[in-house]
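Below is the file model15.txt, which contains compact mmCIF, C-alpha atoms.
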# COMPACT_ATOMS: atom_id res chain seq x y z
CA MET A 1 -41.15 86.12 -1.45
CA LYS A 2 -43.64 83.30 -0.94
CA GLU A 3 -43.47 81.45 2.40
CA THR A 4 -44.79 77.97 3.13
CA SER A 5 -44.22 75.06 5.48
CA LEU A 6 -42.21 71.97 4.60
CA ILE A 7 -45.18 69.60 4.58
CA THR A 8 -47.40 72.08 2.72
CA TYR A 9 -44.77 72.52 0.02
CA ILE A 10 -44.33 68.76 -0.40
CA LYS A 11 -48.05 67.96 -0.47
CA LYS A 12 -48.61 70.65 -3.07
CA ASN A 13 -45.71 69.61 -5.31
CA VAL A 14 -45.39 65.87 -4.71
CA GLU A 15 -46.47 65.10 -8.29
CA ASP A 16 -44.28 67.80 -9.81
CA GLU A 17 -41.05 65.97 -10.60
CA TYR A 18 -39.03 69.10 -11.22
CA ALA A 19 -40.25 70.92 -8.09
CA MET A 20 -39.41 67.89 -5.94
CA ASN A 21 -35.96 67.63 -7.51
CA VAL A 22 -35.39 71.28 -6.72
CA PHE A 23 -36.43 70.82 -3.10
CA TYR A 24 -34.36 67.65 -2.66
CA TYR A 25 -31.30 69.42 -4.04
CA THR A 26 -31.94 72.42 -1.78
CA ILE A 27 -32.00 70.26 1.38
CA LYS A 28 -28.87 68.33 0.36
CA LYS A 29 -26.99 71.52 -0.45
CA SER A 30 -28.00 73.10 2.87
CA PHE A 31 -26.98 69.93 4.71
CA VAL A 32 -23.47 70.01 3.21
CA GLU A 33 -23.03 73.76 3.63
CA ARG A 34 -23.87 73.48 7.33
CA ASN A 35 -21.24 70.78 7.90
CA PHE A 36 -23.62 67.81 7.63
CA SER A 37 -26.19 69.14 10.04
CA LEU A 38 -29.16 71.50 9.97
CA HIS A 39 -28.66 72.59 13.56
CA GLY A 40 -30.30 75.97 14.13
CA PHE A 41 -31.59 75.99 10.54
CA SER A 42 -35.15 77.29 10.26
CA PHE A 43 -35.93 77.42 6.52
CA PHE A 44 -34.86 76.40 3.03
CA PHE A 45 -34.58 79.17 0.46
CA ILE A 46 -35.33 78.16 -3.13
CA ASP A 47 -33.92 80.51 -5.75
CA GLY A 48 -36.53 82.03 -8.03
CA ARG A 49 -34.57 80.92 -11.08
CA PHE A 50 -35.56 77.34 -10.30
CA LEU A 51 -39.32 77.67 -10.01
CA GLY A 52 -40.03 81.14 -11.33
CA GLU A 53 -40.49 82.71 -7.90
CA ALA A 54 -38.44 82.78 -4.70
CA ILE A 55 -39.83 80.44 -2.05
CA LYS A 56 -39.04 80.21 1.66
CA VAL A 57 -39.87 76.76 3.08
CA SER A 58 -39.99 76.51 6.89
CA SER A 59 -38.21 73.50 8.38
CA ASN A 60 -39.51 71.39 11.27
CA ALA A 61 -37.21 71.84 14.30
CA ASN A 62 -37.03 68.07 14.76
CA TYR A 63 -35.19 67.69 11.45
CA ARG A 64 -32.18 69.79 12.44
CA THR A 65 -29.92 67.08 13.93
CA PRO A 66 -27.73 65.17 11.44
CA LEU A 67 -29.73 61.98 11.95
CA HIS A 68 -33.12 63.55 11.45
CA ALA A 69 -31.94 65.75 8.60
CA LEU A 70 -31.05 62.52 6.79
CA GLY A 71 -34.48 61.20 7.76
CA CYS A 72 -36.01 64.25 6.09
CA LEU A 73 -33.96 63.64 2.95
CA LEU A 74 -34.87 59.97 2.86
CA SER A 75 -38.55 60.85 3.23
CA VAL A 76 -38.39 63.31 0.33
CA ARG A 77 -36.53 60.79 -1.82
CA LEU A 78 -39.10 58.06 -1.15
CA LEU A 79 -41.90 60.50 -1.99
CA MET A 80 -40.15 61.33 -5.26
CA LYS A 81 -40.03 57.63 -6.08
CA ASN A 82 -43.66 56.98 -5.17
CA HIS A 83 -46.11 59.87 -4.77
CA LYS A 84 -48.61 57.66 -2.94
CA TYR A 85 -46.32 57.63 0.11
CA ILE A 86 -47.63 61.12 0.89
CA LYS A 87 -50.47 59.34 2.72
CA LEU A 88 -47.88 58.29 5.33
CA CYS A 89 -47.09 61.91 6.18
CA ASP A 90 -48.93 63.36 9.14
CA ASP A 91 -49.12 67.08 9.91
CA ASP A 92 -45.51 68.28 9.94
CA SER A 93 -43.99 64.79 10.08
CA LEU A 94 -42.66 63.02 7.02
CA ILE A 95 -42.32 59.28 6.39
CA VAL A 96 -39.33 58.90 8.70
CA VAL A 97 -40.90 59.93 12.00
CA SER A 98 -39.25 62.92 13.67
CA LYS A 99 -38.57 62.03 17.27
CA PRO A 100 -35.64 62.54 19.68
CA ARG A 101 -32.60 60.44 18.84
CA GLU A 102 -33.09 57.94 21.62
CA THR A 103 -36.45 56.90 20.20
CA PHE A 104 -35.52 57.21 16.52
CA GLN A 105 -36.98 54.26 14.67
CA TRP A 106 -38.00 52.96 11.29
CA VAL A 107 -41.76 52.92 11.76
CA ASN A 108 -43.32 50.61 9.19
CA ILE A 109 -41.03 51.82 6.42
CA MET A 110 -38.44 49.06 5.97
CA SER A 111 -40.64 47.60 3.27
CA LEU A 112 -40.60 51.01 1.52
CA ILE A 113 -36.81 51.14 1.66
CA LEU A 114 -36.50 47.59 0.31
CA ASP A 115 -39.00 48.34 -2.46
CA ASN A 116 -36.79 51.25 -3.55
CA TRP A 117 -33.41 49.66 -2.88
CA ASP A 118 -32.51 49.95 -6.57
CA ASP A 119 -32.32 53.74 -6.11
CA ASP A 120 -28.75 54.79 -5.28
CA GLU A 121 -29.95 57.80 -3.29
CA VAL A 122 -32.22 55.70 -1.05
CA LYS A 123 -29.39 53.24 -0.47
CA LEU A 124 -26.85 55.99 0.36
CA LEU A 125 -29.17 57.77 2.80
CA TYR A 126 -30.19 54.57 4.58
CA GLN A 127 -26.58 53.49 5.04
CA MET A 128 -25.55 56.92 6.33
CA ILE A 129 -28.43 56.95 8.82
CA GLU A 130 -27.57 53.46 10.03
CA ASN A 131 -23.86 54.26 10.40
CA TYR A 132 -24.48 57.56 12.16
CA TYR A 133 -26.94 55.95 14.56
CA TYR A 134 -24.17 53.70 15.90
CA ASP A 135 -21.04 55.85 15.37
CA GLU A 136 -22.55 59.31 15.97
CA GLU A 137 -20.39 60.73 13.20
CA PHE A 138 -19.87 60.56 9.44
CA SER A 139 -16.72 59.09 7.96
CA GLU A 140 -14.76 61.22 5.50
CA GLU A 141 -15.59 58.69 2.77
CA GLU A 142 -19.31 59.10 3.45
CA LYS A 143 -19.01 62.88 3.35
CA GLU A 144 -17.19 62.82 0.02
CA GLU A 145 -19.68 60.42 -1.51
CA PHE A 146 -22.56 62.56 -0.30
CA LYS A 147 -20.99 65.74 -1.67
CA LYS A 148 -20.64 64.10 -5.08
CA SER A 149 -24.35 63.29 -5.06
CA VAL A 150 -25.39 66.93 -4.62
CA VAL A 151 -26.26 67.65 -8.24
CA ALA A 152 -28.20 70.84 -8.99
CA PRO A 153 -31.32 70.42 -11.13
CA GLU A 154 -31.19 72.04 -14.53
CA PHE A 155 -32.26 75.69 -14.56
CA LYS A 156 -35.03 74.82 -16.96
CA ASN A 157 -37.11 77.79 -15.87
CA GLU A 158 -34.33 80.36 -15.79
CA ARG A 159 -35.33 81.90 -19.11
CA ALA A 160 -39.00 82.07 -18.07
CA TYR A 161 -37.93 83.62 -14.77
CA TYR A 162 -36.04 86.41 -16.53
CA GLN A 163 -38.79 86.87 -19.11
CA GLY A 164 -41.18 87.59 -16.27
CA ILE A 165 -38.88 90.35 -15.02
CA ALA A 166 -38.43 91.71 -18.55
CA GLN A 167 -42.20 92.04 -18.92
CA LYS A 168 -42.47 94.14 -15.78
CA THR A 169 -39.76 96.69 -16.54
CA THR A 170 -39.21 99.15 -19.33
CA GLY A 171 -35.59 99.73 -18.36
CA ILE A 172 -32.95 97.63 -16.62
CA SER A 173 -33.76 95.72 -13.44
CA ASP A 174 -32.44 92.61 -11.64
CA ASN A 175 -29.84 91.75 -14.28
CA VAL A 176 -32.43 92.10 -17.03
CA ILE A 177 -32.82 94.54 -19.90
CA GLY A 178 -36.60 94.83 -20.12
CA ASN A 179 -38.87 94.44 -23.12
CA ASN A 180 -38.63 97.50 -25.40
CA ALA A 181 -36.06 99.08 -23.06
CA PHE A 182 -34.23 100.99 -25.80
CA VAL A 183 -36.90 101.44 -28.47
CA GLU A 184 -35.85 104.34 -30.76
CA ALA A 185 -32.90 105.15 -28.48
CA LYS A 186 -30.43 107.68 -29.91
CA MET A 187 -27.06 106.01 -29.47
CA ASP A 188 -24.14 105.01 -31.65
CA LYS A 189 -22.72 102.29 -29.39
CA TYR A 190 -23.99 100.28 -26.43
CA ILE A 191 -22.14 97.92 -24.07
CA ILE A 192 -24.05 95.16 -22.28
CA PRO A 193 -22.00 94.37 -19.14
CA THR A 194 -21.35 90.93 -17.64
CA ASP A 195 -23.98 91.34 -14.92
CA ILE A 196 -26.79 91.35 -17.49
CA ALA A 197 -28.30 87.88 -17.84
CA PHE A 198 -31.26 88.52 -20.16
CA VAL A 199 -32.21 90.88 -23.00
CA GLY A 200 -35.97 91.15 -23.40
CA ASN A 201 -38.33 91.22 -26.37
CA THR A 202 -37.50 93.94 -28.92
CA ALA A 203 -35.20 95.56 -26.35
CA PHE A 204 -33.19 97.20 -29.13
CA ALA A 205 -35.81 98.21 -31.68
CA TYR A 206 -35.75 101.08 -34.17
CA CYS A 207 -32.36 102.30 -32.92
CA GLU A 208 -31.53 103.97 -36.22
CA GLN A 209 -28.17 105.37 -35.04
CA LEU A 210 -26.88 102.20 -33.34
CA ARG A 211 -23.75 100.97 -35.12
CA THR A 212 -21.98 98.81 -32.50
CA LEU A 213 -23.39 96.50 -29.85
CA ILE A 214 -21.00 94.85 -27.36
CA PHE A 215 -21.78 91.88 -25.12
CA GLU A 216 -19.22 91.47 -22.33
CA GLY A 217 -20.72 88.18 -21.07
CA LYS A 218 -23.32 85.54 -21.88
CA VAL A 219 -26.98 86.56 -21.99
CA MET A 220 -30.26 84.90 -22.88
CA PHE A 221 -32.70 86.51 -25.28
CA GLY A 222 -36.39 87.21 -25.61
CA THR A 223 -38.17 87.50 -28.97
CA PHE A 224 -36.44 89.69 -31.60
CA PRO A 225 -34.09 91.37 -29.07
CA ILE A 226 -32.52 93.41 -31.91
CA ILE A 227 -34.80 94.60 -34.68
CA GLU A 228 -35.01 97.46 -37.19
CA CYS A 229 -31.53 98.72 -36.26
CA ASN A 230 -30.66 99.48 -39.85
CA SER A 231 -27.28 101.10 -39.14
CA LEU A 232 -25.94 98.20 -37.05
CA GLU A 233 -22.50 97.24 -38.39
CA ARG A 234 -21.05 94.89 -35.80
CA ILE A 235 -21.83 92.92 -32.68
CA ILE A 236 -18.78 92.26 -30.49
CA VAL A 237 -18.78 89.24 -28.15
CA PRO A 238 -16.20 87.32 -26.04
CA THR A 239 -14.10 84.89 -28.09
CA GLU A 240 -15.30 81.82 -26.19
CA LEU A 241 -18.94 82.78 -26.87
CA LEU A 242 -18.68 83.37 -30.61
CA SER A 243 -20.57 80.21 -31.58
CA TYR A 244 -23.21 80.83 -28.88
CA TYR A 245 -24.05 84.31 -30.16
CA LYS A 246 -23.95 83.30 -33.83
CA GLU A 247 -26.46 80.57 -33.04
CA ASN A 248 -28.74 82.71 -30.88
CA LEU A 249 -28.52 85.81 -33.08
CA SER A 250 -28.36 83.90 -36.34
CA TYR A 251 -29.90 86.75 -38.36
CA TYR A 252 -26.83 88.83 -37.54
CA LYS A 253 -24.13 86.14 -37.54
CA GLU A 254 -22.24 87.81 -40.38
CA ILE A 255 -21.57 90.90 -38.28
CA ILE A 256 -20.75 89.06 -35.02
CA SER A 257 -17.06 89.18 -34.11
CA ASP A 258 -14.78 88.83 -31.10
CA ASN A 259 -12.60 91.75 -32.18
CA GLU A 260 -13.73 95.33 -31.69
CA ASP A 261 -11.03 96.50 -34.08
CA SER A 262 -12.41 94.38 -36.91
CA LYS A 263 -13.59 96.14 -40.02
CA PRO A 264 -17.32 96.97 -39.85
CA VAL A 265 -19.43 94.97 -42.28
CA GLN A 266 -21.08 97.20 -44.84
CA MET A 267 -24.85 97.10 -45.11
CA GLU A 268 -24.80 95.35 -48.46
CA GLU A 269 -22.51 92.65 -47.06
CA LYS A 270 -24.81 91.78 -44.19
CA ILE A 271 -26.81 88.61 -44.13
CA GLU A 272 -30.46 89.16 -44.87
CA ALA A 273 -32.32 89.89 -41.67
CA PRO A 274 -35.84 88.54 -41.22
CA ILE A 275 -38.48 90.38 -43.22
CA LEU A 276 -39.93 91.77 -40.02
CA ALA A 277 -36.61 93.45 -39.28
CA LYS A 278 -36.22 94.95 -42.79
CA VAL A 279 -39.58 96.45 -43.61
CA GLU A 280 -39.75 100.09 -42.56
CA LYS A 281 -43.40 100.56 -43.40
CA ARG A 282 -45.63 97.56 -42.91
CA GLU A 283 -48.47 97.02 -45.34
CA SER A 284 -51.95 96.91 -43.85
CA ILE A 285 -53.80 93.62 -43.96
CA ASP A 286 -57.31 92.99 -45.19
CA THR A 287 -59.25 92.85 -41.92
CA ASN A 288 -62.35 91.69 -43.77
CA MET A 289 -60.62 88.34 -44.08
CA ILE A 290 -60.96 87.85 -40.32
CA GLN A 291 -64.60 86.99 -40.90
CA THR A 292 -63.64 83.96 -43.00
CA VAL A 293 -61.49 82.65 -40.14
CA PHE A 294 -64.67 81.85 -38.24
CA ASP A 295 -66.59 80.22 -41.08
CA LYS A 296 -65.92 76.87 -39.43
CA LYS A 297 -66.73 76.94 -35.74
CA ALA A 298 -65.65 73.47 -34.66
CA SER A 299 -63.91 74.86 -31.58
CA SER A 300 -63.36 78.05 -29.62
CA TYR A 301 -59.59 78.19 -30.13
CA LYS A 302 -59.50 80.66 -33.00
CA TYR A 303 -61.77 83.04 -31.12
CA PHE A 304 -59.65 82.97 -27.96
CA TRP A 305 -56.48 83.21 -30.07
CA LEU A 306 -57.70 86.44 -31.67
CA MET A 307 -59.00 87.91 -28.42
CA ALA A 308 -55.77 87.07 -26.61
CA ILE A 309 -53.70 88.84 -29.29
CA LEU A 310 -55.95 91.93 -29.24
CA SER A 311 -55.92 92.00 -25.43
CA LEU A 312 -52.13 91.70 -25.15
CA ALA A 313 -51.46 94.21 -27.92
CA LYS A 314 -53.77 96.79 -26.35
CA GLU A 315 -52.48 96.20 -22.83
CA LYS A 316 -48.75 96.02 -23.41
CA GLU A 317 -48.30 97.93 -26.67
CA ILE A 318 -45.34 95.69 -27.44
CA LEU A 319 -43.83 94.90 -30.80
CA SER A 320 -43.90 91.12 -30.46
CA LEU A 321 -45.92 88.47 -28.66
CA SER A 322 -44.71 85.02 -27.69
CA PHE A 323 -46.79 81.87 -28.09
CA GLN A 324 -46.51 81.41 -24.32
CA ASP A 325 -48.03 84.85 -23.61
CA ILE A 326 -50.89 84.17 -26.02
CA THR A 327 -51.57 80.68 -24.63
CA ILE A 328 -51.71 81.99 -21.06
CA ARG A 329 -54.06 84.80 -22.05
CA MET A 330 -56.29 82.34 -23.96
CA ALA A 331 -56.64 80.19 -20.83
CA ALA A 332 -57.25 83.23 -18.62
CA MET A 333 -59.98 84.60 -20.91
CA ALA A 334 -61.66 81.20 -21.26
CA TRP A 335 -61.58 80.48 -17.52
CA PRO A 336 -64.72 82.42 -16.39
CA ILE A 337 -66.58 81.45 -19.56
CA VAL A 338 -66.01 77.76 -18.84
CA TYR A 339 -66.45 77.76 -15.06
CA GLU A 340 -68.58 80.79 -14.16
CA ASP A 341 -70.82 81.26 -17.19
CA GLU A 342 -70.77 77.51 -17.97
CA ILE A 343 -71.12 78.21 -21.68
CA ASP A 344 -71.02 75.17 -23.94
CA LEU A 345 -68.19 75.83 -26.38
CA GLY A 346 -69.13 73.01 -28.73
CA SER A 347 -69.06 69.22 -28.85
CA ARG A 348 -65.56 69.12 -30.35
CA ASP A 349 -64.11 71.85 -28.15
CA MET A 350 -61.41 70.69 -25.74
CA MET A 351 -60.85 73.96 -23.87
CA LYS A 352 -62.73 72.79 -20.76
CA ASN A 353 -60.72 69.54 -20.74
CA TYR A 354 -57.45 71.48 -20.81
CA LEU A 355 -58.56 73.85 -18.04
CA ASP A 356 -59.76 70.92 -15.92
CA GLU A 357 -56.24 69.46 -16.19
CA VAL A 358 -54.76 72.80 -15.14
CA VAL A 359 -56.99 72.79 -12.04
CA LYS A 360 -55.75 69.29 -11.15
CA LYS A 361 -52.08 70.19 -11.57
CA THR A 362 -52.13 73.58 -9.82
CA THR A 363 -53.68 75.34 -6.85
CA LEU A 364 -55.97 77.43 -9.07
CA ILE A 365 -59.65 77.17 -8.24
CA LYS A 366 -62.52 77.27 -10.71
CA ALA A 367 -63.84 80.49 -9.17
CA ALA A 368 -60.58 82.33 -9.91
CA SER A 369 -60.80 85.53 -11.95
CA SER A 370 -59.15 85.98 -15.33
CA ASN A 371 -56.52 88.29 -13.80
CA VAL A 372 -55.60 85.76 -11.11
CA VAL A 373 -55.35 82.95 -13.68
CA ASP A 374 -53.21 85.08 -15.99
CA LYS A 375 -50.80 86.07 -13.20
CA TYR A 376 -50.59 82.56 -11.75
CA LEU A 377 -49.94 80.84 -15.10
CA SER A 378 -47.28 83.43 -15.98
CA GLN A 379 -45.40 82.48 -12.81
CA HIS A 380 -45.91 78.71 -12.93
CA TYR A 381 -46.29 78.00 -16.66
CA THR A 382 -43.35 75.60 -16.87
CA SER A 383 -42.70 74.57 -13.27
CA GLN A 384 -46.13 72.98 -12.81
CA GLY A 385 -46.42 71.44 -16.27
CA VAL A 386 -49.08 73.85 -17.56
CA ASN A 387 -47.07 74.27 -20.77
CA LYS A 388 -47.55 70.58 -21.58
CA ILE A 389 -51.29 70.70 -20.87
CA LEU A 390 -51.89 73.72 -23.10
CA SER A 391 -49.41 72.78 -25.84
CA PRO A 392 -52.16 71.40 -28.16
CA LEU A 393 -53.48 74.95 -28.52
CA MET A 394 -50.27 75.87 -30.30
CA LYS A 395 -50.16 73.00 -32.77
CA ASN A 396 -52.72 74.17 -35.31
CA VAL A 397 -54.52 77.31 -34.16
CA PRO A 398 -51.88 79.91 -35.15
CA TYR A 399 -51.59 78.52 -38.66
CA ARG A 400 -55.28 77.96 -39.28
CA PHE A 401 -55.90 81.50 -38.16
CA LEU A 402 -53.48 82.81 -40.80
CA SER A 403 -54.85 80.61 -43.60
CA PRO A 404 -57.21 83.22 -45.15
CA TRP A 405 -54.21 85.45 -45.96
CA ILE A 406 -52.05 82.65 -47.36
CA LYS A 407 -52.23 81.85 -51.04
CA TYR A 408 -51.11 78.25 -51.52

Can you dump the structure from the file as structure tokens?
Amino acid sequence: MKETSLITYIKKNVEDEYAMNVFYYTIKKSFVERNFSLHGFSFFFIDGRFLGEAIKVSSNANYRTPLHALGCLLSVRLLMKNHKYIKLCDDDSLIVVSKPRETFQWVNIMSLILDNWDDDEVKLLYQMIENYYYDEEFSEEEKEEFKKSVVAPEFKNERAYYQGIAQKTTGISDNVIGNNAFVEAKMDKYIIPTDIAFVGNTAFAYCEQLRTLIFEGKVMFGTFPIIECNSLERIIVPTELLSYYKENLSYYKEIISDNEDSKPVQMEEKIEAPILAKVEKRESIDTNMIQTVFDKKASSYKYFWLMAILSLAKEKEILSLSFQDITIRMAAMAWPIVYEDEIDLGSRDMMKNYLDEVVKKTTLIKAASSNVVDKYLSQHYTSQGVNKILSPLMKNVPYRFLSPWIKY
């Protein structure tokens, strides 16, 4: 688990809207759970599902009284509204200065509060601080209103979090069925219990004897979680999740049912699965065509795309690769070439521009090795906005690379 201080966390993530929302929610939730005080509270624990990794943020002792805990919240909220306010934070003190109650004061920040008075959160926190300062307690109405405002941020990185676990295990670990966990497994029936949250890439691949697959709860999926299971007759799911599974396993929707006693669908009745799932023996491709891919060398993307695929395939020996995995590996392989070797990749090449943006948005340094970059981006790909920076790599490269084998 990563550990950091409150001010270090905020300074690092002040421009990351999602990370700040996560932290703001975490403080509010802790405040309510501890009966509107942080007395004796020494750290905030951020669940790994939020940001891709579990983080322990140490709390300043001066923020543990109800009054100063609200001051901490107000500081974070103001920073979320205007990132430039971070200049007003000194050492381990936030905007609202942490001092003993008798000297608590609004030091040069009333203008900040008034400038952000249109924000309901700023208004609520200011009024609660003011009322508590004079009454030394919260009214029941204030407590209820505050509780209603504790809204958890969307788990937008939950899938990425589980995918990371799935990549690291070949079996079942931490509520995850890993990538390729049951490749060529000899089983007629398999039940996925309610404590499983994610089924990894090609987890059930080439299970020639598998006839029935049962999901007892709701899970998320990697790429082609079920593939080349040619004897599969039915997938049983909870009634209330029928539409969810038919949408997420659309290639098998004709055999998805909420009744285990239902008549198995015969092979000829099944909906056509994707070609990749039907072909038993894949035809070889003309590798000589790869040469024509590089006839036009306007940029380095196609080169890094190919090298990333070869690197991942050799390293992981997996049956499928996601665009995210390939993009991360492209950036990792290009990193030392751009920053250490300082090779000019061409006048029209934008790779250095993209990597420069990654440096600005993250804590990665230009001297980082490929392995460090690869690991870091895998953990923070979505939470720190790297996915948006590198998204242009995915717009054209994959399709231009395939063009020599496509007959229009």

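Using only C-alpha atoms, the smallest distance between any of A:Ser383, A:Thr194, A:Phe146, A:Met80 and Glu53 in chain A comes from A:Ser383.
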
Separation of CA of Thr4 in chain A and CA of Lys56 in chain A, in Å? 6.3 Å

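Proximity of A:Thr239, A:Phe41, A:Ser300, A:Ala160 to Leu377 in chain A, computed with all atoms listed in the file, is greatest for A:Ala160.
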
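In this comparison, which uses all atoms listed in the file, the residue of A:Trp405, A:Tyr399, A:Trp335, A:Phe198 approaching Ile177 in chain A most closely is A:Phe198.
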
Spatial neighbours of Met289 in chain A, 10 Å, only C-alpha atoms, chain gap at least 6 places, as number ranges by chain: A: 402-405

Would you mind listing what lies within 12 Å of Glu357 in chain A as a JSON list (two decimals) with C-alpha atoms, in the coordinates of the input, with all atoms listed in the file counted and same-chain residues fewer than 6 positions away left out?
[["chain", "number", "residue", "atom", "x", "y", "z"],
["A", 331, "ALA", "CA", -56.64, 80.19, -20.83],
["A", 350, "MET", "CA", -61.41, 70.69, -25.74],
["A", 351, "MET", "CA", -60.85, 73.96, -23.87],
["A", 363, "THR", "CA", -53.68, 75.34, -6.85],
["A", 364, "LEU", "CA", -55.97, 77.43, -9.07],
["A", 365, "ILE", "CA", -59.65, 77.17, -8.24],
["A", 366, "LYS", "CA", -62.52, 77.27, -10.71],
["A", 384, "GLN", "CA", -46.13, 72.98, -12.81],
["A", 385, "GLY", "CA", -46.42, 71.44, -16.27],
["A", 386, "VAL", "CA", -49.08, 73.85, -17.56],
["A", 387, "ASN", "CA", -47.07, 74.27, -20.77],
["A", 388, "LYS", "CA", -47.55, 70.58, -21.58],
["A", 389, "ILE", "CA", -51.29, 70.70, -20.87],
["A", 390, "LEU", "CA", -51.89, 73.72, -23.10]]

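Atom pair CA of Asn201 in chain A / CA of Lys395 in chain A: separated by 22.6 Å.
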
Quick one: residues within 7 Å of range 44-48 of chain A, all atoms listed in the file, excluding same-chain residues fewer than 3 positions away - as a PyMOL selection string? chain A and resi 26-27+51-59

I need every residue sitting at most 8 Å from the point (-37.0, 98.4, -33.8) (coordinates as in the file, all atoms listed in the file considered), written as number ranges by chain. A: 183-184, 202, 204-207, 226-229, 277
